[in-house]
Each structure stands twice: as structure tokens, then as C-alpha cells.
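A.B. asks: Below is a structure I'd like to ask you about.
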Amino acid sequence: MNDYERVATVIRFLDRHHTDQPDLNELAAAAGLSPFHFHRLFSAWAGVTPKDFLQCLTLEHVKQLLLEGNNVFDAALNAGLSGPGRLHDLCVTLEAASPGEMKNGGAGMQIDYGFARTPFGEALIAETERGICHLSFIQEEDRDGVRDLLTEQWPKAKLHRSDQRAAELSNQIFVRRPQNESRPSLRAFVRGTPFQLRVWRALLNVPSGSLTTYGRLSAAINQPGAARAVGTAVGANPISFVIPCHRVIRETGVLGNYGGGRIRKRAMVGWELSLRDSIGRSGTDRIRATAA
């Protein structure tokens, strides 16, 4: 069991037992570790204690973030990469495939792909000479399934496997850096409809550590009545995490579904929220974690 799988196990455990307010010993037992080793592993993974991480995922905390996010998201859209939350963001240049490239399915194009470890489990990461074109997380050890997703998007491209390059990209995408270091700069190359591209570009303006809703995202692209269509476009995102569709939640504050699994989405949200300076807070010895 890797670090992410232990975190996922703990989140599932809290889904079943949050009303009991389990303590550190119970969470450690759920992860199959001693309290000391669990606390050390979890803190290294999340950057904060288990208590502070799980506090990020309470429904009350998420709702408050949505209220704060009205101003944060608007400011980000108006000013581009700005604000303290952007210090931890990737700087992504998104290039769209031409209609001809979409029609020919990637004929004459080489795609380097591979499998790599990430903080959220194993993923397939792929790139062309023009940038990252695919990132999806492996569920239930189904490598063939995620590779099929790549070939469905680019059926005529030549695929070349390089796990080493995938590991290098994973380090660029997921490794945390001190605030005084510059943001990683990545190029992304995607195929999508004009509407999907507008949604994905708007997603890139949602700061790390912030959340938005489908309705707010539809308003951001000047389509205020298109929340359902926006949700479909969010679900079609071919580059998970890089284009941060995990930051979009329901108006009620419930985190909702995610292509890589609901547990993974909550782990991502908590991982990013734990980077916020405001997370270091005092609290009781018992964990109050009502899973959103």
C-alpha cells in the first residue's frame, strides 16, 4: 500500500465513522500503521497533520471557501496569475489542436507516454513535442484501460513508451516547492471543441487552494445558463490535475464526482488546501471531520 492508498483508506474510514470523531490511534489502525509512523507519513504527504488535513474537508469549511472564492476567482480572471495562492500553481500554456489535427486523429504525430507515481497514485502521463496531451489516474490497477483512453483521443498517433519521461513530468507537475521558488512552467496540447477550450482555460484561472462551482464557471465564460454543459466539458478534461477540474464542486459545497474517483478528488482538494497558510490552526484533540 503506497502513501496515497493509505490516505484514501483513511478518508473512506471517516466516511463510515466521522460521527464517532475517531482519534489518531483509530486512524492509524485504519491505515495499518503505528500512530507514530502514520502521523509522520501523513504529515509528509499532506504537509500538515491528519487533523488539519481532514478539517479542510468538512462541509462547513468547504462552504466558507466557496464564499471567499467569489472574490478570489473574479480577481484571478481579471488579473491572471496573481495572489498568494498562485505561488503554488503550475503555469500552464494551453495550445489547441487544429481542426485538421483533430480530424486526422494524430496521424504523423509521436506521443511519448509512460506510467509514473504521483501523490494520488499511479498515473499515465503523455506528451507530444508541443506539450502534455494526457494525464489520467489508474484505478484498480487497470493500466490497459487508461492507455485505451489515450488511443481513443489520438487513434492514429505513434505511441512510444517512456516511464522515465513520465516520472520527470510527474515531478514537474506534483512536487511542492518553497514559496520563494518560481512556478513550474508547462505546455499542454489538447484536442477539444471551442466551448471545451473556453471552460478549460477558465479552469486554469481557479487558484490552488480555492474552489468554484459549475454555475460560477459558466458565468466566467459568459454562458450563465450553461452550467450543465460546463459540467460535461469539465468531465472531458484530458489532462487531470494540470487543468484543475478537481477544484469545481457543487453549489451546496459537496465535492461531487470526479473522473479519477471521488476519494481522489477529495484527497486533491485537501492536499491543495493544506498549502494555504491559514491551515495551521488550533483545535481539539479529537478530529471533527464530516466528509463533504
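Following the order of the C-alpha cells, chains are lettered A, B, ..., residues in each are numbered from 1, and ligands are numbered from 1.
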Run DSSP on the backbone and grab whatever in segment 47-275 of chain A lands in alpha helix (DSSP H); send it over as a ChimeraX atom specification.
C.D. replies: /A:50-56,59-79,99-103,143-153,163-174,194-203,214-220,227-235,262-273
A.B. asks: Counting only C-alpha atoms, which residues of segment 132-229 of chain A fall within 12 Å of segment 39-45 of chain A, and what is the closest atom pair for each with its distance in Å at one decimal, ordered by chain and rising number, as a Markdown table?
C.D. replies:
| residue | atom | partner | partner_atom | distance |
| --- | --- | --- | --- | --- |
| A:Phe174 | CA | A:Trp45 | CA | 11.4 |
| A:Val175 | CA | A:Trp45 | CA | 10.7 |
| A:Arg176 | CA | A:Trp45 | CA | 10.4 |
A.B. asks: For Val92 of chain A, work out the shell of residues within 6 Å, counting only C-alpha atoms and skipping chain neighbours fewer than 2 positions away, then give it as a short mmCIF file (atom, residue, chain, number, x, y, z; two decimals) with N, CA, C and O atoms, in the first residue's frame.
C.D. replies:
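And here's selection-v6.cif as it stands now:
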data_model
loop_
_atom_site.label_atom_id
_atom_site.label_comp_id
_atom_site.auth_asym_id
_atom_site.auth_seq_id
_atom_site.Cartn_x
_atom_site.Cartn_y
_atom_site.Cartn_z
N LEU A 90 0.79 25.69 -11.04
CA LEU A 90 1.52 25.48 -12.28
C LEU A 90 1.22 26.66 -13.21
O LEU A 90 0.15 27.24 -13.18
N SER A 185 6.67 25.77 -15.21
CA SER A 185 6.03 26.20 -16.46
C SER A 185 5.83 24.98 -17.34
O SER A 185 6.79 24.25 -17.63
N LEU A 186 4.60 24.74 -17.74
CA LEU A 186 4.27 23.57 -18.54
C LEU A 186 3.52 23.98 -19.80
O LEU A 186 2.75 24.94 -19.80
N ARG A 187 3.73 23.21 -20.87
CA ARG A 187 2.95 23.38 -22.08
C ARG A 187 1.97 22.22 -22.17
O ARG A 187 2.32 21.07 -21.89
#
A.B. asks: Of the candidates A:Leu59, A:Ala126, A:Ile111, A:Ile173, which shows the shortest atom-to-atom distance to Leu159 of chain A, using only C-alpha atoms?
C.D. replies: A:Ile111
A.B. asks: Go through A:Ala97, A:Leu65, A:Ala267, A:Ala107 and flag the residue nearest Asp3 of chain A, using only C-alpha atoms for the distances.
C.D. replies: A:Ala267
A.B. asks: Of the candidates A:Asn222, A:Asp15, A:Thr212, A:Ala229, which one gets nearest to Gln196 of chain A if we count only C-alpha atoms?
C.D. replies: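 Using only C-alpha atoms, the shortest distance to Gln196 of chain A belongs to A:Ala229.
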A.B. asks: For Leu124 of chain A, please output as a PyMOL selection string all residues within 8 Å (counting only C-alpha atoms; exclusion window: fewer than 5 positions along the same chain).
C.D. replies: chain A and resi 113-116+134-138+143+146-147+166
A.B. asks: Provide the atom CA of Leu273 of chain A to atom CA of Pro224 of chain A distance in Å, to one decimal place.
C.D. replies: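 Atom-to-atom, atom CA of Leu273 of chain A to atom CA of Pro224 of chain A, that is 27.4 Å.
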A.B. asks: May I ask for the distance between atom CA of Ile11 of chain A and atom CA of Pro238 of chain A, given in Å to one decimal place?
C.D. replies: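 A separation of 25.8 Å between them.
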A.B. asks: With a distance cut-off of 10 Å and only C-alpha atoms, select the neighbouring residues of Pro99 of chain A, excluding the residue or stretch itself and same-chain residues fewer than 3 positions from it, and output the selection as a VMD selection string.
C.D. replies: chain A and resid 96 102 to 104 191 to 193
A.B. asks: Could you save the residues just selected, with all heavy atoms, as a CSV table (one decimal), in the first residue's frame?
C.D. replies:
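Output (again.csv):
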chain,number,residue,atom,x,y,z
A,96,ALA,N,-4.3,24.5,-28.5
A,96,ALA,CA,-5.4,23.6,-29.0
A,96,ALA,C,-5.0,23.0,-30.3
A,96,ALA,O,-4.3,23.6,-31.2
A,96,ALA,CB,-6.7,24.4,-29.2
A,102,MET,N,-7.4,17.3,-35.4
A,102,MET,CA,-8.4,16.6,-34.7
A,102,MET,C,-9.0,15.6,-35.7
A,102,MET,O,-9.3,14.4,-35.3
A,102,MET,CB,-9.5,17.5,-34.2
A,102,MET,CG,-9.0,18.4,-33.0
A,102,MET,SD,-10.3,19.6,-32.5
A,102,MET,CE,-11.6,18.5,-31.9
A,103,LYS,N,-9.2,16.0,-36.9
A,103,LYS,CA,-9.8,15.1,-37.9
A,103,LYS,C,-8.9,13.9,-38.2
A,103,LYS,O,-9.4,12.8,-38.4
A,103,LYS,CB,-10.1,15.9,-39.2
A,103,LYS,CG,-10.9,15.1,-40.2
A,103,LYS,CD,-11.2,16.0,-41.4
A,103,LYS,CE,-12.0,15.2,-42.5
A,103,LYS,NZ,-12.4,16.0,-43.6
A,104,ASN,N,-7.6,14.1,-38.3
A,104,ASN,CA,-6.7,13.0,-38.7
A,104,ASN,C,-6.3,12.2,-37.5
A,104,ASN,O,-5.6,11.2,-37.7
A,104,ASN,CB,-5.5,13.5,-39.5
A,104,ASN,CG,-4.5,14.3,-38.7
A,104,ASN,OD1,-4.5,14.2,-37.4
A,104,ASN,ND2,-3.8,15.2,-39.3
A,191,ARG,N,-7.0,18.4,-27.6
A,191,ARG,CA,-8.0,18.4,-28.6
A,191,ARG,C,-9.3,18.6,-27.9
A,191,ARG,O,-9.6,18.0,-26.9
A,191,ARG,CB,-8.0,17.2,-29.5
A,191,ARG,CG,-8.2,15.9,-28.7
A,191,ARG,CD,-8.2,14.7,-29.7
A,191,ARG,NE,-9.4,14.8,-30.6
A,191,ARG,CZ,-9.4,14.1,-31.7
A,191,ARG,NH1,-8.5,13.3,-32.1
A,191,ARG,NH2,-10.5,14.2,-32.5
A,192,GLY,N,-10.1,19.6,-28.4
A,192,GLY,CA,-11.4,19.9,-27.8
A,192,GLY,C,-12.2,20.8,-28.6
A,192,GLY,O,-11.6,21.5,-29.5
A,193,THR,N,-13.5,20.9,-28.4
A,193,THR,CA,-14.3,21.9,-29.1
A,193,THR,C,-14.0,23.3,-28.6
A,193,THR,O,-13.4,23.5,-27.5
A,193,THR,CB,-15.8,21.6,-28.8
A,193,THR,OG1,-16.1,21.8,-27.4
A,193,THR,CG2,-16.1,20.1,-29.2
A.B. asks: Of the residues A:Val7, A:Ser98, A:Asn2, A:Cys56, which is the one nearest to Val190 of chain A, using only C-alpha atoms?
C.D. replies: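 Once distances to Val190 of chain A are computed over only C-alpha atoms, the minimum belongs to A:Ser98.
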A.B. asks: Give me, please, the distance in Å between atom CA of Thr128 of chain A and atom CA of Phe241 of chain A, quoted to one decimal.
C.D. replies: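 These atoms are spaced 18.0 Å apart.
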A.B. asks: Pick from A:Ser210, A:Thr93, A:Thr232, A:Ser240: nearest to Phe189 of chain A, with only C-alpha atoms counted?
C.D. replies: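 Smallest separation from Phe189 of chain A among the options: A:Thr93.
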A.B. asks: Would you please work out which residue, of A:Leu94, A:Glu122, A:Ala233, A:Arg266, is nearest to Leu204 of chain A when using only C-alpha atoms?
C.D. replies: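 Under the stated criterion, the closest residue is A:Leu94.
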